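Below: target-v6.cif (mmCIF, C-alpha atoms)
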data_start
loop_
_atom_site.label_atom_id
_atom_site.label_comp_id
_atom_site.auth_asym_id
_atom_site.auth_seq_id
_atom_site.Cartn_x
_atom_site.Cartn_y
_atom_site.Cartn_z
CA MET A 25 0.00 0.00 0.00
CA LEU A 26 2.01 3.00 1.26
CA SER A 27 5.67 2.96 0.17
CA ALA A 28 8.30 2.79 2.90
CA GLU A 29 9.80 6.13 1.82
CA SER A 30 6.45 7.89 1.98
CA ALA A 31 5.56 6.20 5.27
CA ASP A 32 8.65 7.71 6.91
CA VAL A 33 7.78 11.19 5.64
CA VAL A 34 4.10 10.94 6.58
CA ARG A 35 4.99 9.68 10.06
CA ALA A 36 7.34 12.61 10.58
CA THR A 37 4.92 15.24 9.26
CA LEU A 38 1.58 13.85 10.49
CA PRO A 39 1.62 15.95 13.71
CA ALA A 40 2.15 19.16 11.73
CA VAL A 41 -0.32 18.30 8.97
CA GLY A 42 -2.87 16.89 11.41
CA GLY A 43 -2.62 19.95 13.63
CA ALA A 44 -3.28 22.24 10.67
CA LEU A 45 -5.99 20.17 8.97
CA ASP A 46 -8.85 22.30 10.26
CA GLU A 47 -7.33 25.44 8.73
CA ILE A 48 -6.30 23.50 5.61
CA THR A 49 -9.81 22.18 5.00
CA ALA A 50 -11.36 25.60 5.70
CA ARG A 51 -9.17 27.17 3.02
CA PHE A 52 -9.76 24.21 0.72
CA TYR A 53 -13.54 24.57 0.79
CA GLY A 54 -13.33 28.36 0.52
CA ALA A 55 -11.16 28.24 -2.60
CA MET A 56 -13.07 25.38 -4.23
CA PHE A 57 -16.48 26.99 -3.77
CA ARG A 58 -15.11 30.33 -4.94
CA ASP A 59 -13.95 28.79 -8.22
CA ARG A 60 -16.57 26.04 -8.53
CA PRO A 61 -19.79 27.49 -7.03
CA GLU A 62 -21.88 24.90 -8.88
CA LEU A 63 -20.73 22.32 -6.32
CA LEU A 64 -22.83 24.10 -3.69
CA ASP A 65 -25.92 23.53 -5.83
CA GLY A 66 -27.19 20.12 -4.84
CA MET A 67 -24.05 18.45 -3.51
CA PHE A 68 -22.78 20.21 -0.37
CA ASN A 69 -25.10 21.10 2.50
CA ARG A 70 -24.77 24.77 3.39
CA GLY A 71 -25.65 24.12 7.02
CA ASN A 72 -22.79 21.66 7.41
CA GLN A 73 -20.46 24.13 5.74
CA ALA A 74 -21.54 26.96 8.04
CA SER A 75 -21.19 24.87 11.19
CA GLY A 76 -17.81 23.46 10.19
CA ALA A 77 -19.10 19.88 10.45
CA GLN A 78 -18.14 18.98 6.88
CA ARG A 79 -14.69 20.50 7.30
CA ARG A 80 -14.03 18.59 10.52
CA ALA A 81 -15.29 15.35 8.97
CA LEU A 82 -12.91 15.70 6.01
CA ALA A 83 -9.99 16.50 8.30
CA GLY A 84 -10.78 13.53 10.52
CA SER A 85 -11.06 11.13 7.60
CA ILE A 86 -7.71 12.20 6.12
CA ALA A 87 -5.94 11.96 9.47
CA GLY A 88 -7.63 8.65 10.23
CA PHE A 89 -6.68 7.15 6.89
CA ALA A 90 -3.06 8.30 7.17
CA THR A 91 -2.80 6.94 10.71
CA ALA A 92 -4.26 3.60 9.63
CA LEU A 93 -1.73 3.33 6.79
CA LEU A 94 1.13 3.96 9.20
CA ASN A 95 -0.18 1.44 11.72
CA ASP A 96 -0.67 -1.26 9.10
CA PRO A 97 0.66 -0.26 5.66
CA ASP A 98 -0.70 -3.36 3.94
CA THR A 99 -4.31 -3.01 5.16
CA ARG A 100 -6.94 -0.43 4.21
CA PRO A 101 -9.34 0.90 6.88
CA ASP A 102 -12.34 -0.54 5.05
CA ALA A 103 -14.92 0.45 7.70
CA LEU A 104 -13.97 4.11 7.43
CA LEU A 105 -13.86 3.96 3.63
CA ALA A 106 -17.23 2.19 3.36
CA ARG A 107 -18.89 4.87 5.46
CA ILE A 108 -17.44 7.63 3.27
CA ALA A 109 -18.29 5.81 0.03
CA HIS A 110 -21.96 5.51 0.97
CA LYS A 111 -22.07 9.20 1.95
CA HIS A 112 -20.56 10.04 -1.45
CA ILE A 113 -23.05 7.92 -3.36
CA ALA A 114 -25.88 9.66 -1.50
CA VAL A 115 -24.85 12.98 -3.07
CA GLY A 116 -23.79 11.65 -6.47
CA VAL A 117 -19.99 11.96 -6.28
CA THR A 118 -18.19 10.86 -9.45
CA ASP A 119 -14.56 9.88 -9.91
CA ASP A 120 -13.59 13.03 -11.87
CA GLN A 121 -14.37 15.13 -8.81
CA TYR A 122 -11.44 13.60 -6.94
CA THR A 123 -9.11 15.47 -9.29
CA ILE A 124 -10.88 18.74 -8.43
CA VAL A 125 -10.60 18.02 -4.71
CA HIS A 126 -6.91 17.16 -5.09
CA LYS A 127 -6.15 20.47 -6.79
CA TYR A 128 -7.72 22.63 -4.09
CA LEU A 129 -6.75 20.46 -1.13
CA PHE A 130 -3.07 20.43 -2.00
CA GLY A 131 -3.20 24.11 -2.81
CA ALA A 132 -4.52 24.71 0.71
CA ILE A 133 -1.82 22.49 2.24
CA ALA A 134 0.90 24.48 0.49
CA GLU A 135 -0.72 27.77 1.49
CA VAL A 136 -1.02 26.86 5.17
CA LEU A 137 2.28 25.00 5.70
CA GLY A 138 4.39 27.08 3.32
CA ASP A 139 8.05 26.10 3.02
CA ALA A 140 7.48 23.00 5.17
CA VAL A 141 5.89 21.39 2.11
CA THR A 142 9.05 20.21 0.38
CA PRO A 143 8.82 18.11 -2.80
CA GLU A 144 9.32 14.99 -0.66
CA VAL A 145 6.51 15.98 1.72
CA ALA A 146 4.18 16.83 -1.16
CA ALA A 147 4.91 13.50 -2.87
CA ALA A 148 4.29 11.48 0.30
CA TRP A 149 0.95 13.12 1.06
CA ASP A 150 0.01 12.90 -2.61
CA GLU A 151 0.49 9.15 -2.31
CA VAL A 152 -1.75 9.07 0.77
CA TYR A 153 -4.44 11.06 -1.03
CA TRP A 154 -4.52 8.90 -4.15
CA LEU A 155 -4.47 5.67 -2.14
CA MET A 156 -7.56 6.93 -0.32
CA ALA A 157 -9.17 8.31 -3.46
CA GLY A 158 -8.47 5.18 -5.48
CA ALA A 159 -9.97 2.93 -2.82
CA LEU A 160 -13.06 5.15 -2.59
CA ILE A 161 -13.48 5.32 -6.37
CA ALA A 162 -13.42 1.51 -6.52
CA GLN A 163 -15.96 1.15 -3.70
CA GLU A 164 -18.23 3.78 -5.20
CA ALA A 165 -18.09 2.16 -8.65
CA ARG A 166 -19.18 -1.11 -7.05
CA LEU A 167 -22.04 0.59 -5.20
CA TYR A 168 -23.27 2.30 -8.38
CA GLN A 169 -23.10 -1.04 -10.20
CA GLU A 170 -25.01 -2.83 -7.44
CA ALA A 171 -27.69 -0.15 -7.56
CA GLY A 172 -27.96 -0.54 -11.34
CA ILE A 173 -27.36 3.16 -12.04
CA ASP A 174 -24.73 5.20 -13.84
CA ALA A 175 -22.22 7.07 -11.68
CA GLY A 176 -23.86 10.20 -10.30
CA ASP A 177 -27.31 9.33 -11.67
CA ILE A 178 -28.85 8.87 -8.23
CA TRP A 179 -32.10 10.86 -8.39
CA GLN A 180 -35.65 9.58 -8.81
CA ARG A 181 -38.93 11.48 -8.51
CA TRP A 182 -41.27 10.37 -5.72
CA THR A 183 -44.85 11.44 -5.02
CA VAL A 184 -45.91 12.15 -1.45
CA VAL A 185 -48.99 10.01 -0.82
CA GLU A 186 -49.39 10.75 2.89
CA ARG A 187 -48.12 13.14 5.53
CA ARG A 188 -48.35 12.29 9.21
CA GLU A 189 -47.67 14.64 12.12
CA GLU A 190 -45.75 12.48 14.59
CA THR A 191 -44.95 15.15 17.21
CA ALA A 192 -44.98 18.94 17.34
CA ASP A 193 -41.71 19.08 15.36
CA VAL A 194 -41.58 15.71 13.57
CA ALA A 195 -43.49 14.73 10.43
CA SER A 196 -43.46 11.55 8.34
CA PHE A 197 -43.79 11.53 4.56
CA VAL A 198 -44.93 8.35 2.78
CA LEU A 199 -43.79 8.25 -0.86
CA ARG A 200 -44.28 6.27 -4.05
CA PRO A 201 -42.19 6.41 -7.28
CA ALA A 202 -43.77 9.13 -9.41
CA ASP A 203 -43.03 7.38 -12.71
CA GLY A 204 -44.62 4.08 -11.71
CA ARG A 205 -41.33 2.21 -11.87
CA PRO A 206 -40.52 -0.26 -9.09
CA ALA A 207 -38.95 1.21 -5.97
CA PRO A 208 -35.20 0.62 -5.90
CA ALA A 209 -33.97 -2.08 -3.57
CA ALA A 210 -33.26 -0.89 -0.03
CA ARG A 211 -32.21 -2.41 3.27
CA ALA A 212 -33.48 -1.63 6.75
CA GLY A 213 -31.20 0.96 8.33
CA GLN A 214 -30.38 2.78 5.10
CA TYR A 215 -31.09 6.41 4.27
CA VAL A 216 -31.90 8.52 1.22
CA SER A 217 -30.96 12.05 0.27
CA VAL A 218 -33.82 14.47 -0.33
CA ARG A 219 -33.05 17.30 -2.75
CA VAL A 220 -35.12 20.49 -2.75
CA ARG A 221 -34.84 23.90 -4.41
CA MET A 222 -34.53 26.73 -1.91
CA ALA A 223 -35.98 30.23 -2.28
CA ASP A 224 -32.70 31.53 -3.74
CA GLY A 225 -32.78 28.88 -6.47
CA VAL A 226 -29.98 26.75 -5.03
CA HIS A 227 -30.64 23.04 -4.53
CA GLN A 228 -29.94 21.71 -1.06
CA LEU A 229 -30.07 18.13 0.15
CA ARG A 230 -30.22 16.26 3.41
CA GLN A 231 -30.14 12.58 4.34
CA TYR A 232 -33.07 10.91 6.13
CA SER A 233 -33.34 7.32 7.31
CA LEU A 234 -35.99 5.03 5.89
CA SER A 235 -38.36 4.70 8.84
CA SER A 236 -40.59 1.89 7.54
CA ASP A 237 -40.13 -1.60 6.12
CA PRO A 238 -38.17 -1.05 2.88
CA GLY A 239 -39.47 -4.22 1.29
CA GLY A 240 -42.54 -2.77 -0.46
CA GLU A 241 -43.28 -0.16 -3.09
CA LEU A 242 -43.71 2.67 -0.57
CA ARG A 243 -40.97 4.46 1.33
CA ARG A 244 -41.26 6.62 4.42
CA ILE A 245 -38.96 9.27 5.84
CA THR A 246 -39.51 10.88 9.23
CA VAL A 247 -38.17 14.42 9.45
CA LYS A 248 -37.47 16.49 12.54
CA ARG A 249 -37.62 20.23 12.02
CA VAL A 250 -34.13 21.40 13.00
CA ALA A 251 -34.25 24.56 15.08
CA GLY A 252 -31.09 26.66 15.16
CA THR A 253 -29.38 27.04 18.52
CA ASP A 254 -26.49 29.19 19.76
CA GLY A 255 -26.78 31.48 16.77
CA ALA A 256 -26.90 28.69 14.18
CA PRO A 257 -29.64 28.92 11.51
CA ASP A 258 -32.64 26.62 11.32
CA GLY A 259 -32.24 23.55 9.14
CA GLU A 260 -33.00 24.69 5.58
CA VAL A 261 -34.29 21.40 4.19
CA SER A 262 -36.22 20.20 7.23
CA ASP A 263 -37.90 23.60 7.62
CA LEU A 264 -38.95 23.66 3.96
CA LEU A 265 -40.32 20.12 4.11
CA HIS A 266 -42.36 20.90 7.21
CA ARG A 267 -43.71 24.19 5.86
CA THR A 268 -44.51 23.31 2.28
CA VAL A 269 -44.71 19.60 1.45
CA ARG A 270 -48.16 18.02 1.31
CA PRO A 271 -49.72 14.92 -0.31
CA GLY A 272 -49.48 15.14 -4.09
CA ASP A 273 -46.18 17.01 -4.05
CA VAL A 274 -43.15 15.46 -5.73
CA LEU A 275 -39.68 15.14 -4.18
CA ASP A 276 -36.29 14.09 -5.54
CA LEU A 277 -34.91 11.12 -3.58
CA SER A 278 -31.55 9.46 -4.08
CA THR A 279 -30.86 5.79 -4.37
CA PRO A 280 -30.81 4.21 -0.86
CA CYS A 281 -27.40 4.34 0.81
CA GLY A 282 -25.77 3.43 4.09
CA ASP A 283 -23.53 0.66 5.37
CA ILE A 284 -25.29 0.25 8.74
CA VAL A 285 -28.00 -2.22 7.84
CA LEU A 286 -29.94 -4.94 9.60
CA ASP A 287 -28.07 -8.23 9.31
CA ASP A 288 -29.74 -11.57 8.67
CA ALA A 289 -28.10 -13.47 11.53
CA ASP A 290 -30.02 -15.08 14.38
CA THR A 291 -28.06 -13.44 17.21
CA PRO A 292 -29.87 -11.20 19.71
CA LEU A 293 -30.40 -7.59 18.63
CA VAL A 294 -30.08 -4.40 20.64
CA LEU A 295 -31.48 -1.25 19.02
CA ALA A 296 -30.41 1.78 21.08
CA SER A 297 -31.42 5.30 20.07
CA ALA A 298 -32.09 8.80 21.32
CA GLY A 299 -34.33 11.49 19.87
CA ILE A 300 -34.87 11.30 16.12
CA GLY A 301 -32.23 8.54 16.05
CA CYS A 302 -35.19 6.17 16.47
CA THR A 303 -36.00 6.35 12.75
CA PRO A 304 -33.63 3.67 11.38
CA MET A 305 -34.48 1.48 14.39
CA VAL A 306 -38.19 1.60 13.57
CA GLY A 307 -37.35 0.64 9.99
CA MET A 308 -35.44 -2.37 11.31
CA LEU A 309 -38.29 -3.33 13.64
CA ALA A 310 -40.76 -3.06 10.77
CA GLN A 311 -38.70 -5.40 8.61
CA LEU A 312 -38.30 -7.88 11.46
CA ALA A 313 -42.08 -7.88 11.96
CA ALA A 314 -42.79 -8.16 8.22
CA THR A 315 -40.51 -11.19 7.89
CA GLY A 316 -41.80 -12.95 11.01
CA SER A 317 -38.45 -12.85 12.76
CA THR A 318 -38.06 -14.75 16.03
CA ARG A 319 -34.77 -13.07 17.03
CA PRO A 320 -34.50 -11.73 20.58
CA VAL A 321 -34.76 -7.94 20.30
CA LEU A 322 -34.11 -5.34 22.98
CA VAL A 323 -35.19 -1.79 22.11
CA LEU A 324 -33.65 1.03 24.15
CA HIS A 325 -34.69 4.64 23.57
CA ALA A 326 -34.13 7.96 25.33
CA ASP A 327 -36.07 11.16 24.72
CA SER A 328 -37.17 14.39 26.34
CA SER A 329 -40.73 13.22 26.99
CA PRO A 330 -43.30 10.72 25.65
CA ALA A 331 -44.93 13.50 23.62
CA GLU A 332 -41.61 14.22 21.89
CA HIS A 333 -40.80 10.53 21.21
CA ALA A 334 -41.51 10.19 17.49
CA LEU A 335 -43.09 6.90 16.35
CA ARG A 336 -43.54 5.82 19.98
CA ALA A 337 -46.92 4.08 19.50
CA GLU A 338 -45.72 2.39 16.30
CA THR A 339 -42.60 1.15 18.08
CA ARG A 340 -44.72 -0.48 20.78
CA GLU A 341 -47.01 -2.05 18.17
CA LEU A 342 -44.07 -3.52 16.28
CA ILE A 343 -42.58 -4.89 19.50
CA GLU A 344 -45.87 -6.60 20.29
CA ARG A 345 -45.78 -8.31 16.89
CA LEU A 346 -42.36 -9.83 17.61
CA PRO A 347 -42.40 -12.95 19.81
CA ASP A 348 -39.19 -12.16 21.73
CA ALA A 349 -38.94 -8.37 21.83
CA THR A 350 -38.87 -6.00 24.80
CA ALA A 351 -38.34 -2.27 25.24
CA GLU A 352 -36.99 0.15 27.82
CA PHE A 353 -37.68 3.88 27.47
CA TRP A 354 -36.04 6.79 29.32
CA TYR A 355 -37.57 10.27 29.46
CA GLU A 356 -36.22 13.41 31.05
CA ARG A 357 -39.87 14.29 31.71
CA PRO A 358 -41.73 10.97 31.90
CA ASP A 359 -45.19 12.56 32.30
CA ALA A 360 -46.56 9.49 34.08
CA GLU A 361 -45.60 7.14 31.25
CA PRO A 362 -46.14 3.64 32.69
CA GLY A 363 -42.91 1.68 33.07
CA ALA A 364 -40.63 4.43 31.75
CA HIS A 365 -37.38 5.41 33.41
CA THR A 366 -36.70 8.99 34.45
CA GLY A 367 -33.62 10.79 33.18
CA LEU A 368 -30.95 9.90 30.66
CA MET A 369 -30.40 6.34 29.44
CA ASP A 370 -28.69 4.26 32.13
CA LEU A 371 -27.94 0.61 31.40
CA ALA A 372 -27.12 -0.24 35.03
CA GLY A 373 -30.27 -2.27 35.48
CA VAL A 374 -30.58 -3.58 31.93
CA SER A 375 -29.46 -7.07 30.93
CA VAL A 376 -27.68 -6.98 27.58
CA PRO A 377 -26.58 -10.26 25.94
CA THR A 378 -22.84 -10.20 25.25
CA ASP A 379 -23.44 -12.00 21.94
CA ALA A 380 -25.84 -9.31 20.72
CA THR A 381 -25.49 -7.26 17.56
CA VAL A 382 -25.97 -3.64 18.61
CA TYR A 383 -27.11 -0.69 16.51
CA LEU A 384 -26.76 2.86 17.86
CA CYS A 385 -28.24 6.09 16.53
CA GLY A 386 -28.52 9.47 18.20
CA PRO A 387 -26.37 12.40 19.29
CA LEU A 388 -22.65 11.62 19.50
CA PRO A 389 -22.40 12.05 23.32
CA PHE A 390 -25.25 9.58 23.71
CA MET A 391 -23.65 7.00 21.41
CA ARG A 392 -20.25 7.35 23.08
CA GLY A 393 -21.79 6.82 26.50
CA VAL A 394 -23.86 3.79 25.50
CA ARG A 395 -20.97 2.26 23.56
CA SER A 396 -18.67 2.59 26.58
CA ALA A 397 -21.28 1.00 28.83
CA LEU A 398 -21.71 -1.90 26.40
CA LEU A 399 -17.96 -2.46 26.13
CA ASP A 400 -17.80 -2.54 29.94
CA ARG A 401 -20.48 -5.26 29.85
CA GLY A 402 -18.34 -7.41 27.57
CA VAL A 403 -20.04 -6.68 24.24
CA PRO A 404 -17.24 -6.80 21.62
CA ALA A 405 -16.50 -3.56 19.78
CA ARG A 406 -16.95 -5.34 16.45
CA SER A 407 -20.58 -6.09 17.39
CA ILE A 408 -21.49 -2.42 17.94
CA GLN A 409 -22.48 -0.42 14.85
CA TYR A 410 -23.60 3.18 14.73
CA GLU A 411 -25.21 5.68 12.37
CA VAL A 412 -24.45 9.40 12.34
CA PHE A 413 -26.85 11.93 10.83
CA GLY A 414 -24.74 14.28 8.70
CA PRO A 415 -20.94 14.25 8.29
CA ASP A 416 -19.37 11.51 10.39
CA LEU A 417 -17.23 13.12 13.08
CA TRP A 418 -16.72 9.89 15.00
CA LEU A 419 -14.25 7.36 13.64
CA PRO A 420 -15.27 3.68 13.95
CA ASP A 421 -12.67 2.95 16.60
CA ALA A 422 -13.56 5.97 18.71
CA SER A 423 -14.65 5.47 22.27
#
Would you write the structure of this file as structure tokens?
Amino acid sequence: MLSAESADVVRATLPAVGGALDEITARFYGAMFRDRPELLDGMFNRGNQASGAQRRALAGSIAGFATALLNDPDTRPDALLARIAHKHIAVGVTDDQYTIVHKYLFGAIAEVLGDAVTPEVAAAWDEVYWLMAGALIAQEARLYQEAGIDAGDIWQRWTVVERREETADVASFVLRPADGRPAPAARAGQYVSVRVRMADGVHQLRQYSLSSDPGGELRRITVKRVAGTDGAPDGEVSDLLHRTVRPGDVLDLSTPCGDIVLDDADTPLVLASAGIGCTPMVGMLAQLAATGSTRPVLVLHADSSPAEHALRAETRELIERLPDATAEFWYERPDAEPGAHTGLMDLAGVSVPTDATVYLCGPLPFMRGVRSALLDRGVPARSIQYEVFGPDLWLPDAS
């Protein structure tokens, strides 16, 4: 994989490059969008750019990939690459765009690090970049082929056939292909991008988990209206969907993506979520119920209150349809909910099988805490999978 000469240079310069990656990626995006503003139309989310989430995710992935190459030069960090590849497919990345990224990324590296970027340093990091890019291009080509679509041709028109108000700030949209073609294959746990035109004419997109059984001709997404906090703006796409989309409207949805999917093993399952992170878990429960699964299933969910727990009644109904499923709910304000725990999720009194396959979804602090508690219980790290809404700021081996 990484040549010995380049490995020595990367090892010596990783602290300097890694320490400057946030500034490097900030300048990279600024220069690229200045020269290629069309990339902001329907590919990059402006909210993630404004918050710095996309920049930090790119920096983390580069540093993580370089570190993995140094630790084991002959092995690729496939889990990290698979996560990125699915995110790229969800926005229609094509292989020619890696050349564009290379131009502006290495321009930013030279600008930030100056004379420290000798020809040897540039060549070593160029090797790291193209090893990562080449591996991603190969994975993405396979994903496009498996989906039966041309590279970048991810969009399909869907008609909204029903809208359901789940809570005060959460709505579900049930959709059917507008052209009458069969719905593309999807797996429980996957997500789709939704692309909408904003008032200024720019297309913006956001990813939403499939929150129903993906085995039929209908799809459902469940959208929480994102309210801006600490000076951040409201979520553009979620706000528009809540304000304007009604039955009969048509939306652009991408091909289903995501590497965190319900497996077909017979091991026990633990589905742990918080807030709107329940959506992929409900999709998994719906598929288990539709297929008559007899797997032991433990559903764990934390929320502010029962009234703010989206899909709560449906979750209970699905659990009742499964012969070996139980649930534990935690609410900061339980409001006399029978059997619910008060406060944040605490696994102290919960029995978790050590041979379980665990899926996590929710805010990063929640997932870190639950993952640590599960590891302390003896659940192997390889058995714990997680989904992040938006750019992934948490590497797979994080704790």
Shell of 6 Å around range 286-302 of chain A, all atoms listed in the file, local chain residues under 3 positions omitted, as a ChimeraX atom specification: /A:212,305,319-327,380-386
Dump of C-alpha atoms for the selected residues, as a PDB file, in the coordinates of the input:
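Contents of the output file result.pdb:
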ATOM      1  CA  ALA A 212     -33.480  -1.630   6.750  1.00  0.00           C
ATOM      2  CA  MET A 305     -34.480   1.480  14.390  1.00  0.00           C
ATOM      3  CA  ARG A 319     -34.770 -13.070  17.030  1.00  0.00           C
ATOM      4  CA  PRO A 320     -34.500 -11.730  20.580  1.00  0.00           C
ATOM      5  CA  VAL A 321     -34.760  -7.940  20.300  1.00  0.00           C
ATOM      6  CA  LEU A 322     -34.110  -5.340  22.980  1.00  0.00           C
ATOM      7  CA  VAL A 323     -35.190  -1.790  22.110  1.00  0.00           C
ATOM      8  CA  LEU A 324     -33.650   1.030  24.150  1.00  0.00           C
ATOM      9  CA  HIS A 325     -34.690   4.640  23.570  1.00  0.00           C
ATOM     10  CA  ALA A 326     -34.130   7.960  25.330  1.00  0.00           C
ATOM     11  CA  ASP A 327     -36.070  11.160  24.720  1.00  0.00           C
ATOM     12  CA  ALA A 380     -25.840  -9.310  20.720  1.00  0.00           C
ATOM     13  CA  THR A 381     -25.490  -7.260  17.560  1.00  0.00           C
ATOM     14  CA  VAL A 382     -25.970  -3.640  18.610  1.00  0.00           C
ATOM     15  CA  TYR A 383     -27.110  -0.690  16.510  1.00  0.00           C
ATOM     16  CA  LEU A 384     -26.760   2.860  17.860  1.00  0.00           C
ATOM     17  CA  CYS A 385     -28.240   6.090  16.530  1.00  0.00           C
ATOM     18  CA  GLY A 386     -28.520   9.470  18.200  1.00  0.00           C
TER      19      GLY A 386
END
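Summary of the local environment: counting all atoms listed in the file, residues at most 9 Å from His266 in chain A, other than itself and those fewer than 3 positions away along its chain, are Asp193, Val194, Ala195, Val247, Lys248, Arg249, Val261, Ser262, Asp263, Val269 and Arg270 of chain A.
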Who sits within 12 Å of Gly393 in chain A, only C-alpha atoms, same chain under 3 positions skipped, as number ranges by chain: A: 296-298, 368-371, 384-390, 396-400, 422-423
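Residues matched by the PyMOL selection byres ((chain A and resi 124) around 12) in this file are Phe52, Tyr53, Ala55, Met56, Phe57, Asp59, Arg60, Leu63, Val117, Thr118, Asp119, Asp120, Gln121, Tyr122, Thr123, Val125, His126, Lys127, Tyr128, Leu129, Phe130, Gly131 and Ala157 of chain A.
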Best match for closeness to Val394 in chain A among A:Ala310, A:Leu335, A:Cys281, A:Val376, counting only C-alpha atoms: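 Of the candidates, the smallest distance to Val394 in chain A is held by A:Val376.
Picture a line from CA of Ala90 in chain A to CA of Glu164 in chain A; it runs 20.1 Å.
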Could you rebuild range 328-344 of chain A with N, CA and C atoms and give me the result as a short mmCIF file (atom, residue, chain, number, x, y, z; two decimals), in the frame of the given file?
data_model
loop_
_atom_site.label_atom_id
_atom_site.label_comp_id
_atom_site.auth_asym_id
_atom_site.auth_seq_id
_atom_site.Cartn_x
_atom_site.Cartn_y
_atom_site.Cartn_z
N SER A 328 -36.83 13.35 25.37
CA SER A 328 -37.17 14.39 26.34
C SER A 328 -38.44 14.07 27.09
N SER A 329 -39.45 13.57 26.37
CA SER A 329 -40.73 13.22 26.99
C SER A 329 -41.47 12.28 26.06
N PRO A 330 -42.51 11.59 26.54
CA PRO A 330 -43.30 10.72 25.65
C PRO A 330 -43.89 11.49 24.47
N ALA A 331 -44.32 12.72 24.70
CA ALA A 331 -44.93 13.50 23.62
C ALA A 331 -43.93 13.84 22.53
N GLU A 332 -42.64 13.88 22.86
CA GLU A 332 -41.61 14.22 21.89
C GLU A 332 -40.93 12.98 21.30
N HIS A 333 -41.35 11.80 21.71
CA HIS A 333 -40.80 10.53 21.21
C HIS A 333 -41.52 10.18 19.92
N ALA A 334 -40.90 10.47 18.78
CA ALA A 334 -41.51 10.19 17.49
C ALA A 334 -41.68 8.69 17.29
N LEU A 335 -42.80 8.30 16.70
CA LEU A 335 -43.09 6.90 16.35
C LEU A 335 -43.18 6.00 17.59
N ARG A 336 -43.50 6.59 18.73
CA ARG A 336 -43.54 5.82 19.98
C ARG A 336 -44.60 4.72 19.94
N ALA A 337 -45.84 5.08 19.53
CA ALA A 337 -46.92 4.08 19.50
C ALA A 337 -46.61 3.00 18.47
N GLU A 338 -46.06 3.38 17.32
CA GLU A 338 -45.72 2.39 16.30
C GLU A 338 -44.62 1.45 16.79
N THR A 339 -43.66 1.99 17.53
CA THR A 339 -42.60 1.15 18.08
C THR A 339 -43.19 0.10 19.00
N ARG A 340 -44.09 0.49 19.87
CA ARG A 340 -44.72 -0.48 20.78
C ARG A 340 -45.52 -1.52 20.00
N GLU A 341 -46.23 -1.09 18.97
CA GLU A 341 -47.01 -2.05 18.17
C GLU A 341 -46.11 -3.07 17.49
N LEU A 342 -44.99 -2.61 16.95
CA LEU A 342 -44.07 -3.52 16.28
C LEU A 342 -43.45 -4.50 17.28
N ILE A 343 -43.13 -4.01 18.47
CA ILE A 343 -42.58 -4.89 19.50
C ILE A 343 -43.58 -5.97 19.87
N GLU A 344 -44.84 -5.61 19.95
CA GLU A 344 -45.87 -6.60 20.29
C GLU A 344 -46.03 -7.67 19.22
#
